[in-house]
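Next up, start17.cif (mmCIF, C-alpha atoms):
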```cif
data_structure
#
loop_
_atom_site.label_atom_id
_atom_site.label_comp_id
_atom_site.auth_asym_id
_atom_site.auth_seq_id
_atom_site.Cartn_x
_atom_site.Cartn_y
_atom_site.Cartn_z
CA MET R 1 68.16 111.92 2.68
CA ALA R 2 68.17 108.33 1.66
CA SER R 3 65.95 105.87 3.58
CA ILE R 4 66.45 102.14 3.88
CA ARG R 5 63.30 99.87 3.91
CA ARG R 6 63.48 96.30 4.96
CA THR R 7 61.41 94.06 2.83
CA LEU R 8 59.25 91.63 4.89
CA SER R 9 58.06 88.30 3.60
CA PRO R 10 54.39 88.20 2.75
CA TYR R 11 54.10 84.68 4.16
CA ASN R 12 54.93 85.46 7.80
CA ASP R 13 51.51 86.68 8.83
CA ARG R 14 49.49 84.06 6.83
CA SER R 15 48.11 80.99 8.39
CA TYR R 16 47.92 77.75 6.46
CA PRO R 17 45.34 74.99 6.62
CA ASN R 18 47.84 72.36 7.70
CA GLY R 19 48.88 74.32 10.79
CA SER R 20 52.46 74.84 9.62
CA SER R 21 54.19 78.14 9.43
CA ASN R 22 56.26 77.04 6.46
CA PRO R 23 54.33 77.01 3.24
CA PHE R 24 56.74 74.59 1.62
CA SER R 25 56.72 71.94 4.31
CA VAL R 26 54.66 68.84 3.52
CA GLN R 27 53.33 66.57 6.22
CA SER R 28 53.08 62.81 5.80
CA PRO R 29 49.74 60.98 6.02
CA SER R 30 50.77 59.49 9.35
CA GLN R 31 51.46 62.94 10.75
CA LYS R 32 48.08 64.15 9.62
CA LEU R 33 46.40 61.11 11.13
CA LEU R 34 48.17 61.51 14.44
CA SER R 35 47.58 65.24 14.58
CA HIS R 36 43.85 64.82 14.10
CA GLY R 37 43.75 61.70 16.35
CA ARG R 38 44.71 63.73 19.37
CA THR R 39 41.23 65.12 19.55
CA THR R 40 39.03 62.48 17.88
CA PHE R 41 40.64 58.99 18.45
CA SER R 42 40.11 56.87 21.56
CA PRO R 43 43.17 55.72 23.57
CA VAL R 44 42.92 52.15 22.13
CA ARG R 45 42.84 53.39 18.56
CA ARG R 46 45.73 55.76 19.20
CA PHE R 47 47.70 52.80 20.64
CA ILE R 48 47.09 50.63 17.57
CA THR R 49 47.77 53.54 15.23
CA GLY R 50 51.06 54.24 16.98
CA ILE R 51 52.14 50.65 16.44
CA PHE R 52 51.33 50.31 12.75
CA LEU R 53 51.91 53.88 11.62
CA GLN R 54 55.30 55.34 12.38
CA LYS R 55 56.42 58.93 12.17
CA HIS R 56 59.06 59.32 9.53
CA TYR R 57 61.46 61.49 11.46
CA PRO R 58 64.98 61.74 10.17
CA ARG R 59 67.06 59.45 12.41
CA LYS R 60 70.61 58.64 12.59
CA SER R 61 71.75 55.24 11.39
CA ASN R 62 72.64 53.97 14.86
CA GLN R 63 69.20 54.61 16.46
CA PHE R 64 66.71 51.68 16.93
CA SER R 65 63.42 51.50 18.90
CA TRP R 66 63.42 48.29 20.98
CA LYS R 67 60.24 49.20 22.81
CA LYS R 68 58.01 49.30 19.74
CA SER R 69 59.57 46.15 18.31
CA LEU R 70 58.81 44.17 21.47
CA ILE R 71 55.24 45.44 21.50
CA ARG R 72 54.72 44.43 17.87
CA CYS R 73 56.27 40.98 18.53
CA PHE R 74 53.99 40.39 21.50
CA LEU R 75 50.92 41.52 19.56
CA PHE R 76 51.59 39.29 16.57
CA PHE R 77 52.36 36.35 18.88
CA PHE R 78 49.02 36.83 20.61
CA LEU R 79 47.15 37.01 17.30
CA GLY R 80 48.89 33.88 16.05
CA PHE R 81 47.98 32.06 19.27
CA LEU R 82 44.30 32.94 18.83
CA LEU R 83 44.33 31.82 15.20
CA GLY R 84 46.01 28.55 16.16
CA MET R 85 43.36 27.76 18.75
CA ALA R 86 40.51 28.25 16.29
CA PRO R 87 39.20 24.92 14.83
CA PHE R 88 39.50 26.02 11.24
CA ASN R 89 41.41 22.91 10.21
CA ASN R 90 38.63 20.48 11.13
CA ASP R 91 36.01 22.56 9.39
CA PHE R 92 38.06 22.70 6.19
CA ASN R 93 38.59 18.94 6.27
CA GLU R 94 34.86 18.32 6.64
CA LEU R 95 34.17 20.66 3.77
CA LYS R 96 36.66 18.80 1.58
CA GLN R 97 35.28 15.39 2.53
CA ASN R 98 31.66 16.35 1.97
CA ASP R 99 32.54 18.24 -1.23
CA LEU R 100 30.02 20.98 -0.60
CA ARG R 101 31.14 23.12 -3.51
CA ASN R 102 28.61 21.57 -5.85
CA ARG R 103 25.88 21.14 -3.23
CA ASP R 104 23.47 23.38 -1.49
CA PHE R 105 23.80 23.97 2.19
CA SER R 106 21.12 22.18 4.20
CA PHE R 107 20.64 21.78 7.91
CA GLU R 108 19.05 18.58 9.19
CA MET R 109 17.52 18.34 12.64
CA LYS R 110 17.17 14.83 14.04
CA PRO R 111 14.56 14.70 16.78
CA ALA R 112 15.05 12.43 19.76
CA VAL R 113 13.29 9.07 19.80
CA VAL R 114 10.09 9.30 21.79
CA ASN R 115 7.94 6.39 22.91
CA VAL R 116 4.32 7.46 23.12
CA GLU R 117 1.45 5.30 24.25
CA LYS R 118 -1.47 5.28 21.86
CA ASN R 119 -4.06 7.31 23.73
CA VAL R 120 -6.10 9.95 22.03
CA GLY R 121 -7.27 11.48 25.28
CA ASP R 122 -3.73 12.44 26.24
CA LEU R 123 -3.23 14.75 23.24
CA GLY R 124 -5.28 17.62 24.63
CA PHE R 125 -2.40 19.25 26.44
CA LEU R 126 -0.39 19.91 23.26
CA GLU R 127 0.02 23.59 22.32
CA ARG R 128 -0.23 24.88 18.79
CA PRO R 129 2.96 26.33 17.30
CA LYS R 130 3.38 30.08 17.07
CA GLU R 131 4.58 32.08 14.10
CA ASN R 132 8.15 32.55 15.35
CA ASP R 133 8.60 28.95 16.50
CA LEU R 134 11.00 26.67 14.68
CA MET R 135 9.17 24.18 12.50
CA VAL R 136 10.62 20.73 11.82
CA HIS R 137 9.85 19.36 8.38
CA ALA R 138 9.26 15.72 9.37
CA VAL R 139 9.30 13.90 12.71
CA GLU R 140 8.81 10.17 13.12
CA LEU R 141 7.38 9.00 16.42
CA GLY R 142 7.52 5.34 17.39
CA VAL R 143 4.33 4.11 19.04
CA VAL R 144 4.77 1.18 21.42
CA GLU R 145 1.58 -0.61 22.30
CA ARG R 146 1.67 -2.54 25.58
CA SER R 147 -1.46 -4.34 26.64
CA ASP R 148 0.02 -5.53 29.90
CA ARG R 149 1.37 -2.67 32.02
CA ASN R 150 2.95 -5.10 34.45
CA GLU R 151 5.16 -6.33 31.64
CA VAL R 152 6.28 -2.78 30.87
CA LYS R 153 7.09 -2.19 34.52
CA ARG R 154 9.04 -5.42 34.64
CA ILE R 155 11.13 -4.37 31.63
CA LEU R 156 11.86 -0.85 32.86
CA ASP R 157 12.29 -1.52 36.58
CA PHE R 158 15.24 -3.91 36.69
CA VAL R 159 15.98 -5.31 40.12
CA PRO R 160 19.16 -7.39 40.54
CA ARG R 161 18.54 -10.94 41.75
CA LYS R 162 20.20 -12.51 44.77
CA GLN R 163 22.83 -15.13 44.18
CA LEU R 164 21.93 -18.74 44.96
CA ILE R 165 24.69 -20.75 46.64
CA VAL R 166 23.75 -24.42 46.23
CA VAL R 167 25.87 -26.81 48.34
CA THR R 168 25.89 -30.47 47.24
CA PRO R 169 27.89 -33.14 49.10
CA THR R 170 28.58 -36.18 46.93
CA TYR R 171 30.58 -39.40 47.00
CA ASN R 172 31.56 -42.15 44.60
CA ARG R 173 28.77 -44.62 43.89
CA ALA R 174 27.05 -46.23 40.93
CA LEU R 175 24.32 -43.60 40.43
CA GLN R 176 26.49 -40.56 41.20
CA ALA R 177 26.71 -39.45 37.57
CA TYR R 178 22.94 -39.77 37.16
CA TYR R 179 22.24 -37.71 40.29
CA LEU R 180 24.73 -34.97 39.46
CA ASN R 181 23.52 -34.63 35.87
CA ARG R 182 19.88 -34.49 36.97
CA LEU R 183 20.54 -31.78 39.54
CA GLY R 184 22.85 -29.89 37.18
CA GLN R 185 20.22 -29.79 34.42
CA VAL R 186 17.75 -28.24 36.86
CA LEU R 187 20.29 -25.60 37.94
CA ARG R 188 20.92 -24.71 34.31
CA LEU R 189 17.29 -23.61 34.01
CA VAL R 190 17.49 -21.38 37.09
CA LYS R 191 18.04 -17.70 36.37
CA SER R 192 21.54 -16.48 37.15
CA PRO R 193 23.44 -15.83 39.31
CA VAL R 194 23.79 -19.39 40.63
CA LEU R 195 26.91 -20.84 42.29
CA TRP R 196 27.07 -24.63 42.64
CA ILE R 197 29.49 -25.83 45.33
CA VAL R 198 30.16 -29.57 45.03
CA VAL R 199 32.15 -31.21 47.84
CA GLU R 200 33.82 -34.61 47.64
CA MET R 201 35.67 -36.64 50.24
CA ASN R 202 39.49 -37.04 50.32
CA ALA R 203 40.10 -36.35 46.60
CA ALA R 204 38.40 -34.80 43.59
CA SER R 205 37.40 -37.46 41.08
CA THR R 206 38.02 -36.94 37.38
CA GLU R 207 34.48 -38.01 36.49
CA THR R 208 32.86 -35.41 38.78
CA ALA R 209 35.17 -32.66 37.50
CA GLU R 210 34.24 -33.50 33.89
CA ILE R 211 30.52 -33.34 34.68
CA LEU R 212 30.90 -29.91 36.29
CA ARG R 213 32.94 -28.54 33.39
CA ASN R 214 30.39 -29.66 30.82
CA MET R 215 27.37 -28.44 32.76
CA GLY R 216 27.78 -24.78 31.74
CA ILE R 217 27.09 -23.17 35.12
CA MET R 218 29.32 -21.45 37.67
CA TYR R 219 30.71 -23.98 40.13
CA ARG R 220 33.40 -24.64 42.73
CA HIS R 221 34.78 -28.12 43.27
CA LEU R 222 35.91 -28.60 46.88
CA VAL R 223 37.47 -31.52 48.73
CA CYS R 224 36.91 -32.46 52.38
CA MET R 225 40.13 -33.88 53.83
CA LYS R 226 38.68 -35.32 57.05
CA ASN R 227 38.73 -39.07 57.25
CA SER R 228 35.32 -40.49 58.07
CA THR R 229 33.74 -43.82 57.21
CA ASP R 230 30.33 -43.08 58.71
CA VAL R 231 27.75 -41.87 56.23
CA LYS R 232 26.26 -39.45 58.79
CA ASP R 233 29.59 -37.85 59.65
CA ARG R 234 30.64 -37.70 55.99
CA GLY R 235 27.78 -35.43 54.97
CA VAL R 236 28.30 -33.20 58.03
CA HIS R 237 31.99 -32.70 57.29
CA GLN R 238 31.32 -31.96 53.62
CA ARG R 239 28.74 -29.29 54.42
CA ASN R 240 31.10 -27.76 57.01
CA THR R 241 33.79 -27.56 54.33
CA ALA R 242 31.42 -25.56 52.12
CA ILE R 243 30.40 -23.33 55.04
CA GLU R 244 34.05 -22.57 55.80
CA HIS R 245 34.60 -21.69 52.14
CA ILE R 246 31.62 -19.30 52.12
CA GLU R 247 32.75 -17.70 55.38
CA ARG R 248 36.37 -17.31 54.26
CA HIS R 249 35.53 -15.72 50.91
CA ARG R 250 32.52 -13.78 52.26
CA LEU R 251 30.18 -15.00 49.53
CA ASP R 252 26.91 -13.08 49.49
CA GLY R 253 23.72 -14.93 48.63
CA ILE R 254 21.19 -17.52 49.79
CA VAL R 255 22.73 -20.82 50.95
CA TYR R 256 20.81 -24.02 50.24
CA PHE R 257 21.92 -27.58 51.05
CA ALA R 258 20.76 -29.66 48.05
CA ASP R 259 21.67 -33.34 48.22
CA ASP R 260 22.28 -34.92 44.85
CA ASP R 261 19.75 -37.78 45.32
CA ASN R 262 16.74 -35.48 45.97
CA ILE R 263 14.21 -34.26 43.40
CA TYR R 264 13.70 -30.50 43.06
CA SER R 265 11.24 -28.30 41.20
CA LEU R 266 12.34 -25.20 39.35
CA GLU R 267 9.90 -23.10 41.37
CA LEU R 268 11.79 -23.89 44.56
CA PHE R 269 14.99 -22.13 43.45
CA GLU R 270 13.06 -19.09 42.28
CA SER R 271 11.16 -18.86 45.57
CA ILE R 272 14.12 -18.98 47.93
CA ARG R 273 15.54 -15.81 46.35
CA GLU R 274 12.87 -13.90 48.28
CA ILE R 275 14.30 -15.01 51.64
CA SER R 276 15.53 -12.22 53.89
CA ARG R 277 17.06 -14.20 56.77
CA PHE R 278 15.79 -17.77 57.05
CA GLY R 279 13.15 -19.58 54.99
CA THR R 280 11.61 -23.02 55.29
CA TRP R 281 9.04 -25.16 53.42
CA PRO R 282 7.52 -28.65 53.65
CA VAL R 283 9.38 -31.63 52.18
CA SER R 284 7.78 -34.88 51.08
CA MET R 285 9.89 -37.95 51.80
CA LEU R 286 9.57 -41.67 51.39
CA ALA R 287 9.67 -43.64 54.60
CA GLN R 288 12.35 -46.23 55.22
CA SER R 289 9.78 -48.97 54.72
CA LYS R 290 9.02 -47.41 51.29
CA ASN R 291 5.31 -48.06 51.69
CA LYS R 292 4.16 -44.56 52.66
CA ALA R 293 5.06 -40.90 52.22
CA ILE R 294 5.85 -38.53 55.08
CA LEU R 295 5.38 -34.77 55.06
CA GLU R 296 7.86 -32.88 57.20
CA GLY R 297 8.10 -29.14 57.52
CA PRO R 298 6.36 -26.00 58.79
CA VAL R 299 2.71 -25.15 59.26
CA CYS R 300 2.22 -21.57 58.14
CA ASN R 301 -0.30 -18.77 58.45
CA GLY R 302 0.63 -16.76 55.43
CA SER R 303 4.41 -16.42 55.68
CA HIS R 304 4.49 -16.86 59.49
CA VAL R 305 5.49 -20.26 60.87
CA ILE R 306 3.06 -21.40 63.58
CA GLY R 307 3.78 -25.15 63.85
CA TRP R 308 5.42 -28.26 62.40
CA HIS R 309 4.50 -31.45 60.55
CA THR R 310 6.06 -34.63 61.96
CA ASN R 311 5.17 -38.31 61.88
CA GLU R 312 8.15 -40.00 63.53
CA LYS R 313 8.01 -40.51 67.27
CA SER R 314 11.79 -40.63 67.60
CA LYS R 315 12.10 -37.07 66.27
CA ARG R 316 9.40 -35.38 68.32
CA LEU R 317 12.00 -34.08 70.77
CA ARG R 318 13.53 -31.89 68.11
CA ARG R 319 13.11 -28.11 68.37
CA PHE R 320 12.58 -27.59 64.63
CA HIS R 321 11.13 -30.38 62.48
CA VAL R 322 12.87 -29.60 59.19
CA ASP R 323 14.65 -31.79 56.66
CA MET R 324 18.15 -30.84 55.52
CA SER R 325 16.77 -29.89 52.10
CA GLY R 326 13.82 -28.00 53.60
CA PHE R 327 15.43 -24.67 54.54
CA ALA R 328 17.73 -21.94 53.23
CA PHE R 329 19.36 -18.91 54.85
CA ASN R 330 21.26 -15.72 54.11
CA SER R 331 25.00 -16.29 53.80
CA THR R 332 25.87 -13.05 55.63
CA ILE R 333 24.77 -14.73 58.87
CA LEU R 334 27.94 -16.82 58.66
CA TRP R 335 30.46 -13.95 58.38
CA ASP R 336 28.59 -10.81 59.57
CA PRO R 337 27.12 -11.49 63.05
CA LYS R 338 26.72 -7.79 63.89
CA ARG R 339 24.27 -7.26 61.06
CA TRP R 340 21.91 -9.92 62.42
CA HIS R 341 22.56 -9.12 66.11
CA ARG R 342 23.77 -12.60 66.93
CA PRO R 343 24.48 -13.04 70.66
CA THR R 344 27.81 -14.74 69.92
CA SER R 345 30.42 -14.56 67.19
CA ASP R 346 31.24 -18.28 67.30
CA PRO R 347 31.37 -19.93 63.86
CA ILE R 348 28.21 -21.70 62.74
CA ARG R 349 28.83 -25.37 61.97
CA GLN R 350 26.95 -28.64 61.76
CA LEU R 351 27.63 -30.98 64.66
CA ASP R 352 28.73 -34.58 64.25
CA THR R 353 28.32 -35.36 67.92
CA VAL R 354 24.50 -35.45 67.92
CA LYS R 355 22.21 -38.31 67.01
CA GLU R 356 21.16 -38.94 63.43
CA GLY R 357 18.18 -36.75 62.56
CA PHE R 358 19.16 -33.97 64.95
CA GLN R 359 21.81 -32.30 62.76
CA GLU R 360 19.18 -30.05 61.17
CA THR R 361 17.66 -28.68 64.36
CA THR R 362 20.99 -28.08 66.11
CA PHE R 363 22.24 -26.20 63.06
CA ILE R 364 19.10 -24.05 62.76
CA GLU R 365 19.26 -23.14 66.44
CA GLN R 366 22.56 -21.36 65.73
CA ILE R 367 20.93 -19.21 63.02
CA VAL R 368 17.53 -18.23 64.48
CA GLU R 369 16.11 -18.01 67.97
CA ASP R 370 12.50 -19.01 67.28
CA GLU R 371 9.82 -19.21 64.58
CA SER R 372 9.34 -15.43 64.55
CA GLN R 373 12.61 -15.09 62.60
CA MET R 374 11.51 -17.61 59.94
CA GLU R 375 9.66 -17.16 56.64
CA GLY R 376 7.28 -19.74 55.25
CA ILE R 377 7.71 -20.51 51.53
CA PRO R 378 5.41 -20.28 49.65
CA PRO R 379 2.90 -18.22 51.66
CA GLY R 380 0.70 -20.71 53.45
CA CYS R 381 3.25 -23.54 52.93
CA TYR R 382 0.64 -25.41 50.91
CA ARG R 383 2.90 -26.67 48.11
CA VAL R 384 5.54 -29.38 48.08
CA MET R 385 8.47 -28.29 45.90
CA ASN R 386 11.07 -31.01 46.58
CA TRP R 387 11.03 -34.69 47.41
CA HIS R 388 13.42 -36.83 49.41
CA VAL R 389 13.26 -40.43 48.18
CA HIS R 390 15.46 -43.47 48.83
CA ILE R 391 15.62 -45.42 45.58
CA GLU R 392 19.30 -46.30 45.44
CA SER R 393 20.36 -49.90 45.86
CA ARG R 394 23.32 -50.36 48.17
CA GLU R 395 24.47 -53.51 46.34
CA LEU R 396 25.66 -51.62 43.26
CA LEU R 397 29.38 -50.87 43.13
CA TYR R 398 30.99 -47.74 41.81
CA PRO R 399 32.38 -48.41 38.32
CA LYS R 400 35.65 -46.72 37.42
CA GLY R 401 35.09 -44.01 34.84
CA TRP R 402 31.32 -44.68 34.86
CA MET R 403 31.92 -47.72 32.66
CA LEU R 404 31.08 -51.35 33.49
CA GLN R 405 33.58 -53.73 31.94
CA LYS R 406 31.08 -56.58 31.79
CA ASN R 407 27.50 -55.55 32.11
CA LEU R 408 26.07 -58.95 31.15
CA HIS R 409 26.38 -62.15 33.15
CA VAL R 410 25.92 -64.44 30.13
CA VAL R 411 27.13 -63.80 26.60
CA THR R 412 25.35 -65.86 23.95
CA PRO R 413 27.08 -66.13 20.60
CA SER R 414 24.96 -65.33 17.54
CA ASN R 415 24.27 -68.11 15.05
#
```
Go through the file and emit its structure as structure tokens.
Amino acid sequence: MASIRRTLSPYNDRSYPNGSSNPFSVQSPSQKLLSHGRTTFSPVRRFITGIFLQKHYPRKSNQFSWKKSLIRCFLFFFLGFLLGMAPFNNDFNELKQNDLRNRDFSFEMKPAVVNVEKNVGDLGFLERPKENDLMVHAVELGVVERSDRNEVKRILDFVPRKQLIVVTPTYNRALQAYYLNRLGQVLRLVKSPVLWIVVEMNAASTETAEILRNMGIMYRHLVCMKNSTDVKDRGVHQRNTAIEHIERHRLDGIVYFADDDNIYSLELFESIREISRFGTWPVSMLAQSKNKAILEGPVCNGSHVIGWHTNEKSKRLRRFHVDMSGFAFNSTILWDPKRWHRPTSDPIRQLDTVKEGFQETTFIEQIVEDESQMEGIPPGCYRVMNWHVHIESRELLYPKGWMLQKNLHVVTPSN
């Protein structure tokens, strides 16, 4: 009886190293990588591998993976953005400019400038360097020797100075140019800031404006438009014009009424910068008879005013015996009454209705209440720093343009 045997393939029961049942099938490198990555790769590495390594499955011609294309586009865009933000361009330009191809790389450390006083005893606190500390090849230290420590403190500790507001009433007369130039030359030597307010009557003269322009200091040329023929009233109105200007523009500083015919020392202008509210000092003046000198001003115990110098019987009824050029005050009193606790907010002005010689005391009474609010300058009030003299002849006429057409009475021809 015939038997039929079915021949079985010897390859069905054999296992292959690549895990495939078909001995003739060949896997691609990407398939091998992915198959092993399922057990050994991290999720991030599998994500990157899935993007760059594709499985080569047979696809139809009309199939396209939009998802993977968008992911690749986003990834390359992000990498390009990071590369664009890196400052590689500047580094390459510096390398080209310095031409470091033929040079050795060296790193230079520039230490900060240090000012050290020359004192051997102060070097004990320095610590010795350790083995791992960074050593600098060469360090230059500048040694500044100062014998006077007060000078060093003055250089380092800068304190801004108060502004001086010098008010000068003037009028047309023969010696006006001489007086203005003399006072202007003194103000040029005073440390800034200095503001010179010059007030004229009715109109600003060309000669005065030229002097102020050529003086080289900060100035303001004002005009008082009030008509007055009296010498006493003229000076009062001119000072009131300057006071109104300071109050309107809220100028901050120390106000000082400096007449152009007085003589001033440079120390006076430097001393009145120390005034807080109101300061006063003695003034030496020449009597009307011009045969004796009169001292008028405060008697001080240190910087406290305790009395007054006076020699004229007609002025003993005054509250404060001070000359117009013998005091100065803070300008904020004029436009900030709340700061100084003034009892009234009425404007402070000089009065033209009082007798001659009483303009000073009536004006000061509007600023301070008594001597406790005053400061004596200098301490002790022992030094005279300005002089009030009457040397001008009233017979001289004011020449136009400061020029006398005929300055000689007799002209003798030369032989």
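Closest approach to R:Lys292 from the set R:Val389, R:Val199, R:Val236, R:Ala328 is made by R:Val389, with distances taken over all atoms listed in the file.
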When distances are computed from all atoms listed in the file, which of R:Val384, R:Leu164, R:Leu251, R:Ala293 shows the smallest separation from R:Leu334?
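Looking at the shortest contact to R:Leu334, the residue is R:Leu251.
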In Å, with one decimal, what is the gap from atom CA of R:His237 to atom CA of R:Thr206?
21.2 Å
Between atom CA of R:Leu187 and atom CA of R:Asp260, distance in Å (one decimal):
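Calculated distance between atom CA of R:Leu187 and atom CA of R:Asp260 is 11.8 Å.
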Can you pull out the residues contacting R:Leu183? Cut-off 12 Å, using only C-alpha atoms, and skip same-chain residues under 5 positions away; I want them as a ChimeraX atom specification.
/R:166-168,170,176-178,188-190,196,198,211-212,215,217,258-266,269,386
Step by step, work through what the PyMOL selection byres ((chain R and resi 360) around 9) selects in the shown file, and finish by giving those residues as a list of chain:residue names.
R:Phe320, R:His321, R:Val322, R:Asp323, R:Met324, R:Gln350, R:Gly357, R:Phe358, R:Gln359, R:Thr361, R:Thr362, R:Phe363, R:Ile364, R:Glu365
Run the PyMOL selection byres ((chain R and resi 375) around 9) on the file and write out the hits as a short mmCIF file (atom, residue, chain, number, x, y, z; two decimals) with C-alpha atoms, in the frame of the given file.
```
data_model
loop_
_atom_site.label_atom_id
_atom_site.label_comp_id
_atom_site.auth_asym_id
_atom_site.auth_seq_id
_atom_site.Cartn_x
_atom_site.Cartn_y
_atom_site.Cartn_z
CA ILE R 275 14.30 -15.01 51.64
CA SER R 276 15.53 -12.22 53.89
CA ARG R 277 17.06 -14.20 56.77
CA PHE R 278 15.79 -17.77 57.05
CA GLY R 279 13.15 -19.58 54.99
CA THR R 280 11.61 -23.02 55.29
CA TRP R 281 9.04 -25.16 53.42
CA CYS R 300 2.22 -21.57 58.14
CA SER R 303 4.41 -16.42 55.68
CA HIS R 304 4.49 -16.86 59.49
CA VAL R 305 5.49 -20.26 60.87
CA GLU R 371 9.82 -19.21 64.58
CA SER R 372 9.34 -15.43 64.55
CA GLN R 373 12.61 -15.09 62.60
CA MET R 374 11.51 -17.61 59.94
CA GLY R 376 7.28 -19.74 55.25
CA ILE R 377 7.71 -20.51 51.53
CA PRO R 378 5.41 -20.28 49.65
CA PRO R 379 2.90 -18.22 51.66
#
```
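Take the candidates R:Tyr256, R:Tyr171, R:Phe81, R:Tyr219 and check each one against R:Phe327 using only C-alpha atoms; the shortest distance goes to R:Tyr256.
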Counting only C-alpha atoms, which of R:Asp252, R:Asp336, R:Asp370, R:Glu267 gets nearest to R:Val194?
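Answer, going by the shortest atom-to-atom distance: R:Asp252.
In this comparison, which uses only C-alpha atoms, the residue of R:His245, R:Ala287, R:Ala203, R:Ile333 approaching R:Ile391 most closely is R:Ala287.
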Atomic distance atom CA of R:Ala174 - atom CA of R:Met201, expressed in Å with one decimal:
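These two atoms are separated by 15.9 Å.
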Go through R:Arg318, R:Arg342, R:Lys67, R:His390 and flag the residue nearest R:Ile367, using all atoms listed in the file for the distances.
R:Arg342
